[in-house]
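Shown next: data.tsv, given as TSV, C-alpha atoms and all ligand atoms.
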chain	number	residue	atom	x	y	z
G	152	MET	CA	7.27	-5.71	5.77
G	153	ALA	CA	6.18	-2.38	7.08
G	154	SER	CA	8.60	0.25	5.95
G	155	LEU	CA	10.57	1.87	8.69
G	156	ASN	CA	12.54	4.98	7.93
G	157	TYR	CA	14.87	6.04	10.70
G	158	ALA	CA	16.01	9.18	8.95
G	159	LEU	CA	12.50	10.54	8.50
G	160	ARG	CA	11.41	8.63	11.61
G	161	GLU	CA	8.47	7.18	9.76
G	162	ILE	CA	6.66	3.88	9.95
G	163	ASN	CA	4.35	2.95	7.12
G	164	PHE	CA	1.95	0.04	7.10
G	165	LYS	CA	0.26	-1.23	3.99
G	166	ILE	CA	-3.16	-2.83	3.93
G	167	VAL	CA	-4.66	-4.11	0.69
G	168	TYR	CA	-8.38	-4.59	0.02
G	169	TYR	CA	-8.64	-7.58	-2.27
G	170	GLY	CA	-11.63	-9.30	-3.84
G	171	PRO	CA	-13.72	-9.66	-6.99
G	172	GLY	CA	-14.61	-6.58	-9.04
G	173	LEU	CA	-17.71	-4.67	-7.85
G	174	GLY	CA	-17.59	-6.34	-4.46
G	175	GLY	CA	-17.37	-3.05	-2.57
G	176	LYS	CA	-13.66	-2.41	-2.00
G	177	THR	CA	-13.74	1.17	-3.21
G	178	THR	CA	-16.96	1.75	-1.28
G	179	ASN	CA	-15.19	0.69	1.93
G	180	LEU	CA	-12.41	3.21	1.36
G	181	GLU	CA	-14.84	5.96	0.40
G	182	TYR	CA	-16.81	5.44	3.58
G	183	ILE	CA	-13.64	5.57	5.65
G	184	TYR	CA	-12.53	8.70	3.84
G	185	GLN	CA	-15.86	10.42	4.43
G	186	SER	CA	-16.27	9.35	8.02
G	187	ILE	CA	-13.01	9.84	9.84
G	188	SER	CA	-11.75	13.09	11.27
G	189	PRO	CA	-9.83	15.16	8.69
G	190	SER	CA	-6.77	15.21	10.91
G	191	TYR	CA	-6.25	11.50	10.31
G	192	LYS	CA	-6.63	11.34	6.58
G	193	GLY	CA	-4.44	12.18	3.64
G	194	LYS	CA	-5.53	12.74	0.07
G	195	MET	CA	-7.56	9.89	-1.38
G	196	ILE	CA	-6.63	8.92	-4.91
G	197	SER	CA	-8.93	6.95	-7.14
G	198	LEU	CA	-7.98	6.05	-10.65
G	199	MET	CA	-11.21	5.16	-12.36
G	200	THR	CA	-12.38	4.17	-15.79
G	201	GLU	CA	-15.51	5.57	-17.40
G	202	GLN	CA	-17.60	2.80	-15.92
G	203	GLU	CA	-16.59	3.95	-12.47
G	204	ARG	CA	-14.66	0.79	-11.90
G	205	THR	CA	-11.23	0.82	-10.45
G	206	LEU	CA	-8.55	1.02	-13.10
G	207	PHE	CA	-5.35	0.61	-11.16
G	208	PHE	CA	-6.17	1.13	-7.55
G	209	ASP	CA	-7.57	3.42	-4.92
G	210	PHE	CA	-5.19	4.78	-2.37
G	211	LEU	CA	-5.98	6.30	1.00
G	212	PRO	CA	-3.22	7.16	3.43
G	213	LEU	CA	-4.28	7.34	7.07
G	214	GLU	CA	-2.16	9.65	9.17
G	215	LEU	CA	-1.87	8.32	12.68
G	216	GLY	CA	0.42	11.17	13.64
G	217	LYS	CA	3.52	10.88	15.77
G	218	ILE	CA	3.69	7.81	17.96
G	219	LYS	CA	6.76	7.50	20.16
G	220	GLY	CA	8.57	9.88	17.87
G	221	PHE	CA	7.64	8.05	14.70
G	222	THR	CA	5.29	9.55	12.14
G	223	THR	CA	3.00	6.62	11.52
G	224	ARG	CA	0.85	5.97	8.50
G	225	VAL	CA	-1.43	3.22	7.34
G	226	HIS	CA	-1.70	3.07	3.57
G	227	LEU	CA	-4.93	1.56	2.30
G	228	TYR	CA	-5.04	0.22	-1.25
G	229	THR	CA	-7.68	-1.51	-3.30
G	230	VAL	CA	-6.87	-3.75	-6.23
G	231	PRO	CA	-8.63	-3.60	-9.61
G	232	GLY	CA	-11.06	-6.46	-10.13
G	233	GLN	CA	-10.88	-7.02	-13.88
G	234	GLU	CA	-9.09	-10.14	-14.95
G	235	TYR	CA	-6.60	-8.40	-17.22
G	236	TYR	CA	-5.16	-6.35	-14.39
G	237	GLU	CA	-3.63	-9.37	-12.79
G	238	ALA	CA	-0.15	-7.86	-12.85
G	239	SER	CA	-1.44	-4.72	-11.14
G	240	ARG	CA	-2.97	-6.80	-8.40
G	241	LYS	CA	0.29	-8.57	-7.93
G	242	LEU	CA	2.29	-5.38	-7.65
G	243	ILE	CA	-0.15	-3.69	-5.32
G	244	LEU	CA	0.07	-6.68	-3.03
G	245	LYS	CA	3.83	-6.28	-2.83
G	246	GLY	CA	4.86	-5.30	0.66
G	247	ALA	CA	1.37	-5.73	2.11
G	248	ASP	CA	1.26	-6.07	5.88
G	249	GLY	CA	-2.36	-7.15	5.88
G	250	VAL	CA	-5.21	-8.04	3.55
G	251	VAL	CA	-8.94	-7.42	3.74
G	252	PHE	CA	-10.85	-9.77	1.48
G	253	ILE	CA	-14.18	-8.28	0.39
G	254	VAL	CA	-16.75	-10.89	-0.52
G	255	ASP	CA	-19.73	-10.04	-2.70
G	256	SER	CA	-22.44	-11.97	-0.85
G	257	GLN	CA	-24.74	-12.23	-3.86
G	258	LYS	CA	-25.45	-15.81	-4.87
G	259	HIS	CA	-24.45	-15.36	-8.49
G	260	ARG	CA	-21.04	-13.97	-7.47
G	261	LEU	CA	-19.97	-17.03	-5.49
G	262	ASN	CA	-17.63	-18.35	-8.17
G	263	GLU	CA	-15.93	-15.00	-8.63
G	264	ASN	CA	-15.32	-14.79	-4.91
G	265	VAL	CA	-13.76	-18.22	-4.83
G	266	ASN	CA	-11.61	-17.50	-7.90
G	267	SER	CA	-10.43	-14.22	-6.47
G	268	TYR	CA	-9.58	-15.81	-3.15
G	269	ASN	CA	-7.61	-18.54	-4.90
G	270	GLU	CA	-5.76	-15.93	-6.89
G	271	LEU	CA	-4.91	-14.14	-3.67
G	272	LEU	CA	-3.49	-17.34	-2.22
G	273	LEU	CA	-1.37	-17.79	-5.31
G	274	ARG	CA	-0.01	-14.22	-5.12
G	275	LEU	CA	0.82	-14.59	-1.44
G	276	LYS	CA	2.67	-17.76	-2.19
G	277	GLU	CA	4.69	-16.01	-4.89
G	278	TYR	CA	5.71	-13.43	-2.32
G	279	GLN	CA	6.43	-16.19	0.16
G	280	LEU	CA	3.81	-14.84	2.51
G	281	ASP	CA	2.19	-17.39	4.77
G	282	VAL	CA	-1.56	-17.01	4.65
G	283	ASP	CA	-1.89	-18.55	8.10
G	284	THR	CA	0.23	-15.89	9.77
G	285	LEU	CA	-0.51	-12.89	7.54
G	286	PRO	CA	-3.05	-10.54	9.15
G	287	CYS	CA	-6.20	-10.97	7.14
G	288	VAL	CA	-9.89	-10.13	7.61
G	289	VAL	CA	-12.83	-11.31	5.54
G	290	GLN	CA	-15.82	-9.05	4.96
G	291	TYR	CA	-19.16	-10.35	3.69
G	292	ASN	CA	-20.52	-7.31	1.93
G	293	LYS	CA	-23.90	-6.41	0.45
G	294	ARG	CA	-25.86	-8.04	3.25
G	295	ASP	CA	-28.74	-5.65	2.43
G	296	LEU	CA	-29.55	-7.48	-0.80
G	297	SER	CA	-32.08	-10.29	-0.93
G	298	ASP	CA	-30.45	-12.90	-3.15
G	299	ILE	CA	-27.44	-13.59	-0.97
G	300	ASN	CA	-25.66	-16.63	0.38
G	301	PRO	CA	-25.99	-17.33	4.09
G	302	VAL	CA	-22.91	-16.38	6.07
G	303	CYS	CA	-22.33	-19.93	7.32
G	304	GLN	CA	-22.04	-21.11	3.74
G	305	LEU	CA	-19.60	-18.34	2.80
G	306	GLU	CA	-17.57	-19.10	5.89
G	307	GLU	CA	-17.21	-22.64	4.71
G	308	THR	CA	-16.58	-21.97	1.03
G	309	ILE	CA	-14.42	-18.87	1.13
G	310	ASN	CA	-13.08	-18.32	4.61
G	311	ILE	CA	-11.18	-21.58	4.59
G	312	HIS	CA	-8.36	-20.12	6.67
G	313	LYS	CA	-10.81	-19.13	9.38
G	314	LYS	CA	-9.86	-15.47	9.52
G	315	PRO	CA	-11.88	-12.97	11.54
G	316	SER	CA	-14.95	-12.07	9.51
G	317	PHE	CA	-17.63	-9.37	9.46
G	318	GLU	CA	-20.92	-8.83	7.74
G	319	ALA	CA	-21.21	-5.48	6.04
G	320	VAL	CA	-23.34	-3.11	4.04
G	321	ALA	CA	-20.52	-0.92	2.83
G	322	ILE	CA	-22.74	1.62	1.06
G	323	LYS	CA	-24.29	2.39	4.44
G	324	GLY	CA	-20.99	2.10	6.27
G	325	ILE	CA	-22.15	-0.88	8.27
G	326	GLY	CA	-19.26	-3.17	9.17
G	327	VAL	CA	-16.67	-0.96	7.52
G	328	PHE	CA	-15.08	0.35	10.72
G	329	ALA	CA	-15.31	-3.04	12.42
G	330	THR	CA	-13.33	-4.52	9.56
G	331	ILE	CA	-10.59	-1.92	9.39
G	332	LYS	CA	-10.18	-1.80	13.15
G	333	VAL	CA	-9.40	-5.49	13.35
G	334	ILE	CA	-7.03	-5.51	10.37
G	335	CYS	CA	-5.14	-2.44	11.65
G	336	LYS	CA	-4.76	-3.92	15.08
G	337	SER	CA	-3.50	-7.26	13.87
G	338	VAL	CA	-1.03	-5.56	11.54
G	339	ILE	CA	0.29	-3.42	14.38
G	340	GLU	CA	0.41	-6.41	16.68
G	341	LYS	CA	2.51	-8.33	14.21
G	342	PHE	CA	4.94	-5.48	13.58
G	343	GLU	CA	8.47	-6.54	14.41
G	344	LEU	CA	11.95	-5.40	13.70
G	345	ASN	CA	13.63	-8.54	12.47
G	346	VAL	CA	15.39	-7.18	9.42
I	218	MET	CA	12.81	-13.09	-0.83
I	219	GLU	CA	10.92	-10.59	-2.89
I	220	ASN	CA	8.62	-9.18	-0.28
I	221	HIS	CA	11.12	-7.97	2.27
I	222	LYS	CA	10.56	-5.20	4.75
I	223	THR	CA	12.15	-1.89	3.88
I	224	VAL	CA	14.18	-0.49	6.70
I	225	THR	CA	16.32	2.55	6.17
I	226	PHE	CA	18.72	4.06	8.66
I	227	SER	CA	19.86	7.61	9.20
I	228	SER	CA	23.43	6.76	8.28
I	229	GLN	CA	22.35	5.29	4.97
I	230	ILE	CA	20.08	8.20	4.16
I	231	LYS	CA	22.82	10.70	4.88
I	232	GLU	CA	25.00	8.95	2.34
I	233	ILE	CA	22.20	8.68	-0.17
I	234	ASP	CA	21.19	12.32	0.25
I	235	LYS	CA	24.74	13.29	-0.60
I	236	TYR	CA	24.56	11.45	-3.93
I	237	LEU	CA	21.17	12.92	-4.66
I	238	ASP	CA	22.26	16.49	-3.89
I	239	ASP	CA	25.20	15.96	-6.17
I	240	PHE	CA	22.87	14.64	-8.85
I	241	ILE	CA	20.62	17.69	-8.63
I	242	ILE	CA	23.55	20.04	-9.10
I	243	LYS	CA	24.98	18.10	-12.04
I	244	THR	CA	21.66	17.80	-13.86
I	245	LYS	CA	20.04	21.08	-12.78
I	246	SER	CA	16.95	19.13	-11.74
I	247	VAL	CA	14.21	20.54	-9.54
I	248	SER	CA	13.79	17.64	-7.17
I	249	ILE	CA	14.46	14.00	-6.69
I	250	ILE	CA	12.34	11.56	-4.74
I	251	LEU	CA	13.40	8.09	-3.73
I	252	ILE	CA	10.60	5.62	-3.08
I	253	THR	CA	10.30	1.93	-2.37
I	254	LYS	CA	8.88	-0.23	-5.13
I	255	ASP	CA	5.72	-0.70	-3.12
I	256	GLY	CA	5.08	3.02	-2.96
I	257	GLN	CA	6.63	4.41	0.21
I	258	LEU	CA	8.84	7.45	0.49
I	259	ILE	CA	12.51	6.86	1.40
I	260	THR	CA	13.94	10.35	1.01
I	261	SER	CA	13.60	13.44	-1.12
I	262	ARG	CA	15.95	16.28	-2.07
I	263	GLY	CA	15.66	19.56	-3.90
I	264	ASP	CA	12.40	21.48	-3.99
I	265	VAL	CA	9.46	19.23	-3.10
I	266	SER	CA	7.34	21.97	-1.57
I	267	PHE	CA	4.85	21.71	-4.44
I	268	ILE	CA	4.60	17.92	-4.33
I	269	ASN	CA	2.43	15.68	-2.16
I	270	THR	CA	5.17	13.09	-1.85
I	271	THR	CA	2.99	10.42	-0.18
I	272	ALA	CA	0.55	10.54	-3.08
I	273	LEU	CA	3.33	10.72	-5.63
I	274	ALA	CA	5.05	7.65	-4.22
I	275	ALA	CA	1.84	5.60	-4.42
I	276	LEU	CA	1.02	6.79	-7.92
I	277	VAL	CA	4.48	6.20	-9.33
I	278	ALA	CA	4.49	2.68	-7.92
I	279	GLY	CA	1.05	2.21	-9.48
I	280	SER	CA	2.06	3.51	-12.87
I	281	PHE	CA	5.00	1.15	-12.84
I	282	ALA	CA	2.53	-1.64	-12.29
I	283	ALA	CA	0.71	-0.51	-15.41
I	284	THR	CA	3.81	-0.23	-17.56
I	285	LYS	CA	4.89	-3.62	-16.36
I	286	GLU	CA	1.78	-4.99	-18.02
I	287	VAL	CA	2.63	-3.15	-21.22
I	288	ALA	CA	6.12	-4.60	-20.99
I	289	SER	CA	4.81	-8.12	-20.61
I	290	LEU	CA	2.63	-7.65	-23.69
I	291	LEU	CA	5.82	-6.90	-25.58
I	292	GLY	CA	7.64	-9.85	-24.10
I	293	GLU	CA	9.74	-7.69	-21.78
I	294	ARG	CA	10.01	-8.33	-18.06
I	295	GLU	CA	9.69	-4.66	-17.19
I	296	PHE	CA	10.80	-1.24	-18.38
I	297	SER	CA	13.65	0.11	-16.33
I	298	ILE	CA	13.10	3.74	-17.27
I	299	LEU	CA	9.96	5.81	-17.62
I	300	LEU	CA	9.96	9.33	-19.01
I	301	GLN	CA	6.94	11.56	-18.70
I	302	GLN	CA	6.99	14.81	-20.58
I	303	GLY	CA	4.90	17.75	-19.51
I	304	GLU	CA	4.60	21.38	-20.62
I	305	LYS	CA	6.91	22.78	-18.02
I	306	ARG	CA	7.98	19.87	-15.86
I	307	HIS	CA	9.10	16.41	-16.76
I	308	VAL	CA	9.57	13.27	-14.77
I	309	HIS	CA	12.25	10.65	-15.21
I	310	ILE	CA	11.68	7.46	-13.26
I	311	SER	CA	14.23	4.69	-13.00
I	312	LEU	CA	14.21	1.38	-11.21
I	313	LEU	CA	16.86	0.64	-8.63
I	314	GLY	CA	17.11	-3.11	-8.67
I	315	SER	CA	14.08	-4.76	-7.16
I	316	ILE	CA	13.89	-2.43	-4.17
I	317	ALA	CA	13.38	1.18	-5.10
I	318	MET	CA	12.54	3.81	-7.69
I	319	MET	CA	14.15	7.14	-8.29
I	320	VAL	CA	11.86	9.93	-9.43
I	321	VAL	CA	13.55	12.99	-10.94
I	322	VAL	CA	11.59	16.16	-11.62
I	323	PHE	CA	13.27	18.53	-14.07
I	324	GLU	CA	12.25	21.50	-16.15
I	325	ASN	CA	14.60	21.88	-19.08
I	326	LEU	CA	13.99	19.05	-21.51
I	327	LYS	CA	17.44	19.62	-23.00
I	328	ASN	CA	18.86	18.13	-19.81
I	329	VAL	CA	17.20	14.77	-20.33
I	330	GLY	CA	20.45	13.23	-21.54
I	331	LYS	CA	22.28	14.38	-18.46
I	332	VAL	CA	19.46	13.17	-16.24
I	333	ARG	CA	19.60	9.77	-17.85
I	334	PHE	CA	23.37	9.53	-17.66
I	335	TYR	CA	23.73	10.63	-14.04
I	336	ALA	CA	20.64	8.72	-12.94
I	337	LYS	CA	22.40	5.55	-13.91
I	338	GLU	CA	25.45	6.52	-11.92
I	339	ALA	CA	23.45	7.65	-8.91
I	340	SER	CA	21.28	4.57	-8.91
I	341	GLN	CA	24.30	2.30	-8.57
I	342	LYS	CA	25.53	4.21	-5.54
I	343	VAL	CA	22.09	4.51	-3.99
I	344	THR	CA	21.38	0.82	-4.48
I	345	GLU	CA	24.64	-0.04	-2.74
I	346	SER	CA	23.75	2.17	0.20
I	347	LEU	CA	20.26	0.73	0.42
I	348	VAL	CA	21.52	-2.81	0.46
I	349	LYS	CA	23.93	-2.05	3.28
I	350	GLY	CA	22.36	-2.08	6.72
I	351	GLY	CA	22.69	-0.39	10.11
I	352	LYS	CA	22.23	-2.80	12.99
I	353	ARG	CA	22.88	-0.55	15.95
I	354	GLU	CA	19.93	1.75	15.45
I	355	GLU	CA	17.65	-1.23	15.07
I	356	GLU	CA	18.56	-2.44	18.55
I	357	ARG	CA	17.85	0.92	20.07
I	358	VAL	CA	14.39	1.20	18.60
I	359	LYS	CA	13.39	-2.28	19.65
I	360	VAL	CA	12.98	-1.00	23.18
I	361	GLU	CA	10.47	1.63	22.14
I	362	LEU	CA	8.38	-0.85	20.25
I	363	SER	CA	6.14	-2.30	22.93
I	364	ASN	CA	4.92	1.15	23.86
I	365	PHE	CA	4.49	1.96	20.22
I	366	LYS	CA	2.06	-0.90	19.73
I	367	GLU	CA	-0.08	0.04	22.68
I	368	TYR	CA	-0.35	3.66	21.57
I	369	ALA	CA	-1.07	2.76	17.98
I	370	THR	CA	-3.77	0.28	18.93
I	371	ASN	CA	-5.53	2.80	21.13
I	372	LEU	CA	-5.32	5.36	18.38
I	373	ILE	CA	-7.02	2.98	15.96
I	374	ASP	CA	-9.94	2.79	18.39
I	375	THR	CA	-10.10	6.57	18.54
I	376	ILE	CA	-9.97	7.09	14.78
I	377	PHE	CA	-12.65	4.51	14.11
I	378	SER	CA	-14.85	5.19	17.09
I	379	ASP	CA	-18.14	5.20	15.30
I	380	SER	CA	-21.27	7.10	15.99
I	381	ASP	CA	-23.31	4.18	14.70
I	382	SER	CA	-21.46	1.53	16.64
I	383	ALA	CA	-24.72	-0.05	17.72
I	384	LEU	CA	-25.46	-0.84	14.11
I	385	ILE	CA	-22.06	-2.34	13.58
I	386	ASP	CA	-22.23	-4.51	16.67
I	387	GLN	CA	-25.53	-5.80	15.51
I	388	THR	CA	-24.20	-7.07	12.20
I	389	LYS	CA	-20.90	-8.26	13.54
I	390	THR	CA	-20.36	-11.98	13.36
I	391	GLU	CA	-18.26	-13.65	15.99
I	392	THR	CA	-14.63	-12.84	15.64
I	393	LYS	CA	-12.43	-15.83	15.73
I	394	GLU	CA	-9.16	-15.41	17.51
I	395	GLU	CA	-6.16	-16.92	15.80
Q	401	LIG	N1	-26.52	-3.03	-2.33
Q	401	LIG	C1	-25.26	-2.80	-2.03
Q	401	LIG	N2	-24.43	-2.30	-2.97
Q	401	LIG	C2	-23.15	-2.07	-2.64
Q	401	LIG	C3	-22.65	-2.31	-1.34
Q	401	LIG	N3	-21.34	-1.99	-1.33
Q	401	LIG	C4	-21.04	-1.55	-2.57
Q	401	LIG	N4	-22.13	-1.59	-3.37
Q	401	LIG	C5	-22.23	-1.19	-4.78
Q	401	LIG	O1	-21.50	-2.12	-5.56
Q	401	LIG	C6	-20.89	-1.49	-6.66
Q	401	LIG	C7	-19.42	-1.77	-6.71
Q	401	LIG	O2	-18.77	-1.22	-5.57
Q	401	LIG	P1	-17.24	-0.82	-5.60
Q	401	LIG	O3	-16.90	-0.32	-4.25
Q	401	LIG	O4	-16.95	0.08	-6.74
Q	401	LIG	O5	-16.58	-2.23	-5.87
Q	401	LIG	P2	-15.04	-2.62	-6.13
Q	401	LIG	O6	-14.91	-2.98	-7.56
Q	401	LIG	O7	-14.78	-3.79	-5.23
Q	401	LIG	O8	-14.19	-1.44	-5.76
Q	401	LIG	C8	-21.20	0.01	-6.50
Q	401	LIG	O9	-22.28	0.32	-7.33
Q	401	LIG	C9	-21.58	0.13	-5.05
Q	401	LIG	O10	-22.46	1.18	-4.81
Q	401	LIG	C10	-23.55	-2.84	-0.36
Q	401	LIG	O11	-23.22	-3.08	0.82
Q	401	LIG	N5	-24.83	-3.06	-0.77
Q	402	MG	MG	-12.87	-0.40	-6.94
What would you get if you wrote out this structure as structure tokens?
Ligand SMILES: Nc1nc2c(ncn2[C@@H]2O[C@H](COP(=O)(O)OP(=O)(O)O)[C@@H](O)[C@H]2O)c(=O)[nH]1
Ligand SMILES: [Mg+2]
Amino acid sequence: MASLNYALREINFKIVYYGPGLGGKTTNLEYIYQSISPSYKGKMISLMTEQERTLFFDFLPLELGKIKGFTTRVHLYTVPGQEYYEASRKLILKGADGVVFIVDSQKHRLNENVNSYNELLLRLKEYQLDVDTLPCVVQYNKRDLSDINPVCQLEETINIHKKPSFEAVAIKGIGVFATIKVICKSVIEKFELNV
Amino acid sequence: MENHKTVTFSSQIKEIDKYLDDFIIKTKSVSIILITKDGQLITSRGDVSFINTTALAALVAGSFAATKEVASLLGEREFSILLQQGEKRHVHISLLGSIAMMVVVFENLKNVGKVRFYAKEASQKVTESLVKGGKREEERVKVELSNFKEYATNLIDTIFSDSDSALIDQTKTETKEE
């Protein structure tokens, strides 16, 4: 699914941060944008509403530079959380090579997490993507808050496909790099040329 | 299958670039950018020196997502053409089947009819070229791939080598191997 352009000698990977609204998807991208060396990052685009919530998506291209003669990029996207942007979420997921699912660990958000995860499964199915083989990482965010579900419970309720998972406090950057490292590596690992 | 990988070959792009150059001359447009429907650049012609094409590709794909929702509210599947009018520059975006989008930047609004007419013609040719493949090049690159992965993986470690890695290790749960 990665796009491979022989004329421009470019390889582009696409990773989508999925999850319920206000879970911390944008915060993950912002931390990455602020923390990596300028030589690796392109322009970050955030389309926001007045409430500072993601309207369409956030977009951050990572520039890996030339590898074996191919200019290589990883495009990071977040999806909008609000229910009525379902079609946006679907389109952003198109062509995804990997998905990071951001869980809001707060107890009262459990249902939203489950619903969002189920929606993700539905979308993947529509695109004929197999959730078992698609690179995917789960992040349990907001571990700094007090009223949160224990990780073992979230593992059981949400991470039903037993994907690699990380605890995170995205506002402090904790767990953000660990998450993206694993998703990038599994996406690269899976990269093949069967057209 | 809707979610196929986009692979474009030099031979295809050469052909496509020819159509696009021709289009620019006929319509007196400033530039033309061909992108995949999921927001990746395929090729661009004309003057793109003032455009961040990576960002543009992502945004155009995103705005199509938005208009698709408008379309569905009106009982349409999607809009095949999008025209955005500015003060000096205008953008004409058209869908090429289910694979790609053609973004035309032009300055004289009087040319919009021409742009529309020739865009239709060009999109047929471009779609044909995109659908055709180029097997030989694929074989050649396969050999380079194993090295590619190793390099890329190491680079990921470099880019995300964190100063506060101790903190991250501490909160890391066990990583299950698939
Ligand atoms: N306490 C706490 N708040 C967080 C954390 N991560 C994000 N937030 C806050 O949660 C809110 C929503 O985050 P955002 O990244 O916009 O969520 P998105 O809708 O998934 O993109 C913002 O106010 C963030 O500051 C975290 O780890 N801990
Ligand atoms: Mg957001």
Using all atoms listed in the file, what table do you get, as a Markdown table, when you list each residue of chain G with an atom no more than 9 Å from ligand LIG 401 (chain Q), its nearest pair of atoms, and their distance in Å rounded to one decimal, rows by chain then rising number?
| residue | atom | partner | partner_atom | distance |
| --- | --- | --- | --- | --- |
| G:Tyr168 | CA | Q:LIG401 | O7 | 8.3 |
| G:Tyr169 | CA | Q:LIG401 | O7 | 7.8 |
| G:Gly170 | CA | Q:LIG401 | O7 | 6.5 |
| G:Pro171 | CA | Q:LIG401 | O7 | 6.2 |
| G:Gly172 | CA | Q:LIG401 | O6 | 3.9 |
| G:Leu173 | CA | Q:LIG401 | O6 | 3.3 |
| G:Gly174 | CA | Q:LIG401 | O7 | 3.9 |
| G:Gly175 | CA | Q:LIG401 | O3 | 3.2 |
| G:Lys176 | CA | Q:LIG401 | O7 | 3.7 |
| G:Thr177 | CA | Q:LIG401 | O3 | 3.6 |
| G:Thr178 | CA | Q:LIG401 | O3 | 3.6 |
| G:Asn179 | CA | Q:LIG401 | O3 | 6.5 |
| G:Leu180 | CA | Q:LIG401 | O3 | 8.0 |
| G:Glu181 | CA | Q:LIG401 | O3 | 8.1 |
| G:Glu203 | CA | Q:LIG401 | O4 | 6.9 |
| G:Arg204 | CA | Q:LIG401 | O4 | 5.7 |
| G:Thr205 | CA | Q:LIG401 | O8 | 6.0 |
| G:Phe208 | CA | Q:LIG401 | O8 | 8.6 |
| G:Asp209 | CA | Q:LIG401 | O8 | 8.3 |
| G:Thr229 | CA | Q:LIG401 | O8 | 7.0 |
| G:Val230 | CA | Q:LIG401 | O8 | 7.7 |
| G:Pro231 | CA | Q:LIG401 | O6 | 6.6 |
| G:Gly232 | CA | Q:LIG401 | O6 | 5.8 |
| G:Gln233 | CA | Q:LIG401 | O6 | 8.5 |
| G:Ile253 | CA | Q:LIG401 | O7 | 7.2 |
| G:Val254 | CA | Q:LIG401 | O7 | 8.7 |
| G:Asp255 | CA | Q:LIG401 | N3 | 8.3 |
| G:Tyr291 | CA | Q:LIG401 | O11 | 8.8 |
| G:Asn292 | CA | Q:LIG401 | O11 | 5.1 |
| G:Lys293 | CA | Q:LIG401 | O11 | 3.4 |
| G:Arg294 | CA | Q:LIG401 | O11 | 6.1 |
| G:Asp295 | CA | Q:LIG401 | N5 | 5.7 |
| G:Leu296 | CA | Q:LIG401 | N1 | 5.6 |
| G:Ala319 | CA | Q:LIG401 | O11 | 6.1 |
| G:Val320 | CA | Q:LIG401 | O11 | 3.2 |
| G:Ala321 | CA | Q:LIG401 | O11 | 4.0 |
| G:Ile322 | CA | Q:LIG401 | N3 | 4.6 |
| G:Lys323 | CA | Q:LIG401 | O11 | 6.6 |
| G:Gly324 | CA | Q:LIG401 | O11 | 7.8 |
| G:Ile325 | CA | Q:LIG401 | O11 | 7.8 |
Q | Protein/DNA/RNA residues near (16.6, 7.6, -20.7), cut 9 Å, only C-alpha atoms, as a ChimeraX atom specification | A | /I:298-300,309-311,329-330,332-334,336
As a PDB file with C-alpha atoms, in the frame of the given file, please: the residues near G:Thr330 (cut-off 8 Å, only C-alpha atoms, same-chain neighbours under 2 positions excluded).
ATOM      1  CA  VAL G 251      -8.940  -7.420   3.740  1.00  0.00           C
ATOM      2  CA  VAL G 288      -9.890 -10.130   7.610  1.00  0.00           C
ATOM      3  CA  VAL G 289     -12.830 -11.310   5.540  1.00  0.00           C
ATOM      4  CA  GLN G 290     -15.820  -9.050   4.960  1.00  0.00           C
ATOM      5  CA  SER G 316     -14.950 -12.070   9.510  1.00  0.00           C
ATOM      6  CA  PHE G 317     -17.630  -9.370   9.460  1.00  0.00           C
ATOM      7  CA  GLY G 326     -19.260  -3.170   9.170  1.00  0.00           C
ATOM      8  CA  VAL G 327     -16.670  -0.960   7.520  1.00  0.00           C
ATOM      9  CA  PHE G 328     -15.080   0.350  10.720  1.00  0.00           C
ATOM     10  CA  LYS G 332     -10.180  -1.800  13.150  1.00  0.00           C
ATOM     11  CA  VAL G 333      -9.400  -5.490  13.350  1.00  0.00           C
ATOM     12  CA  ILE G 334      -7.030  -5.510  10.370  1.00  0.00           C
TER      13      ILE G 334
END
Q. Which residue out of I:Lys245, I:Arg262, I:Arg294, I:Lys285 has the minimum interatomic distance to I:Asn325 when all atoms listed in the file are used?
A.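 The answer is I:Lys245, which sits nearest to I:Asn325.
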Q | Residues near I:Ala282, cut-off 12 Å, all atoms listed in the file, skip fewer than 3 positions along chain, as a PyMOL selection string | A | (chain G and resi 206-208+230-231+236-245) or (chain I and resi 254-256+275-279+285-289+294-297+299)
Could you please take those selected residues and save C-alpha atoms as a compact mmCIF listing (two decimals), in the coordinates of the input?
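And here is the file that came out, again.txt:
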# COMPACT_ATOMS: atom_id res chain seq x y z
CA LEU G 206 -8.55 1.02 -13.10
CA PHE G 207 -5.35 0.61 -11.16
CA PHE G 208 -6.17 1.13 -7.55
CA VAL G 230 -6.87 -3.75 -6.23
CA PRO G 231 -8.63 -3.60 -9.61
CA TYR G 236 -5.16 -6.35 -14.39
CA GLU G 237 -3.63 -9.37 -12.79
CA ALA G 238 -0.15 -7.86 -12.85
CA SER G 239 -1.44 -4.72 -11.14
CA ARG G 240 -2.97 -6.80 -8.40
CA LYS G 241 0.29 -8.57 -7.93
CA LEU G 242 2.29 -5.38 -7.65
CA ILE G 243 -0.15 -3.69 -5.32
CA LEU G 244 0.07 -6.68 -3.03
CA LYS G 245 3.83 -6.28 -2.83
CA LYS I 254 8.88 -0.23 -5.13
CA ASP I 255 5.72 -0.70 -3.12
CA GLY I 256 5.08 3.02 -2.96
CA ALA I 275 1.84 5.60 -4.42
CA LEU I 276 1.02 6.79 -7.92
CA VAL I 277 4.48 6.20 -9.33
CA ALA I 278 4.49 2.68 -7.92
CA GLY I 279 1.05 2.21 -9.48
CA LYS I 285 4.89 -3.62 -16.36
CA GLU I 286 1.78 -4.99 -18.02
CA VAL I 287 2.63 -3.15 -21.22
CA ALA I 288 6.12 -4.60 -20.99
CA SER I 289 4.81 -8.12 -20.61
CA ARG I 294 10.01 -8.33 -18.06
CA GLU I 295 9.69 -4.66 -17.19
CA PHE I 296 10.80 -1.24 -18.38
CA SER I 297 13.65 0.11 -16.33
CA LEU I 299 9.96 5.81 -17.62
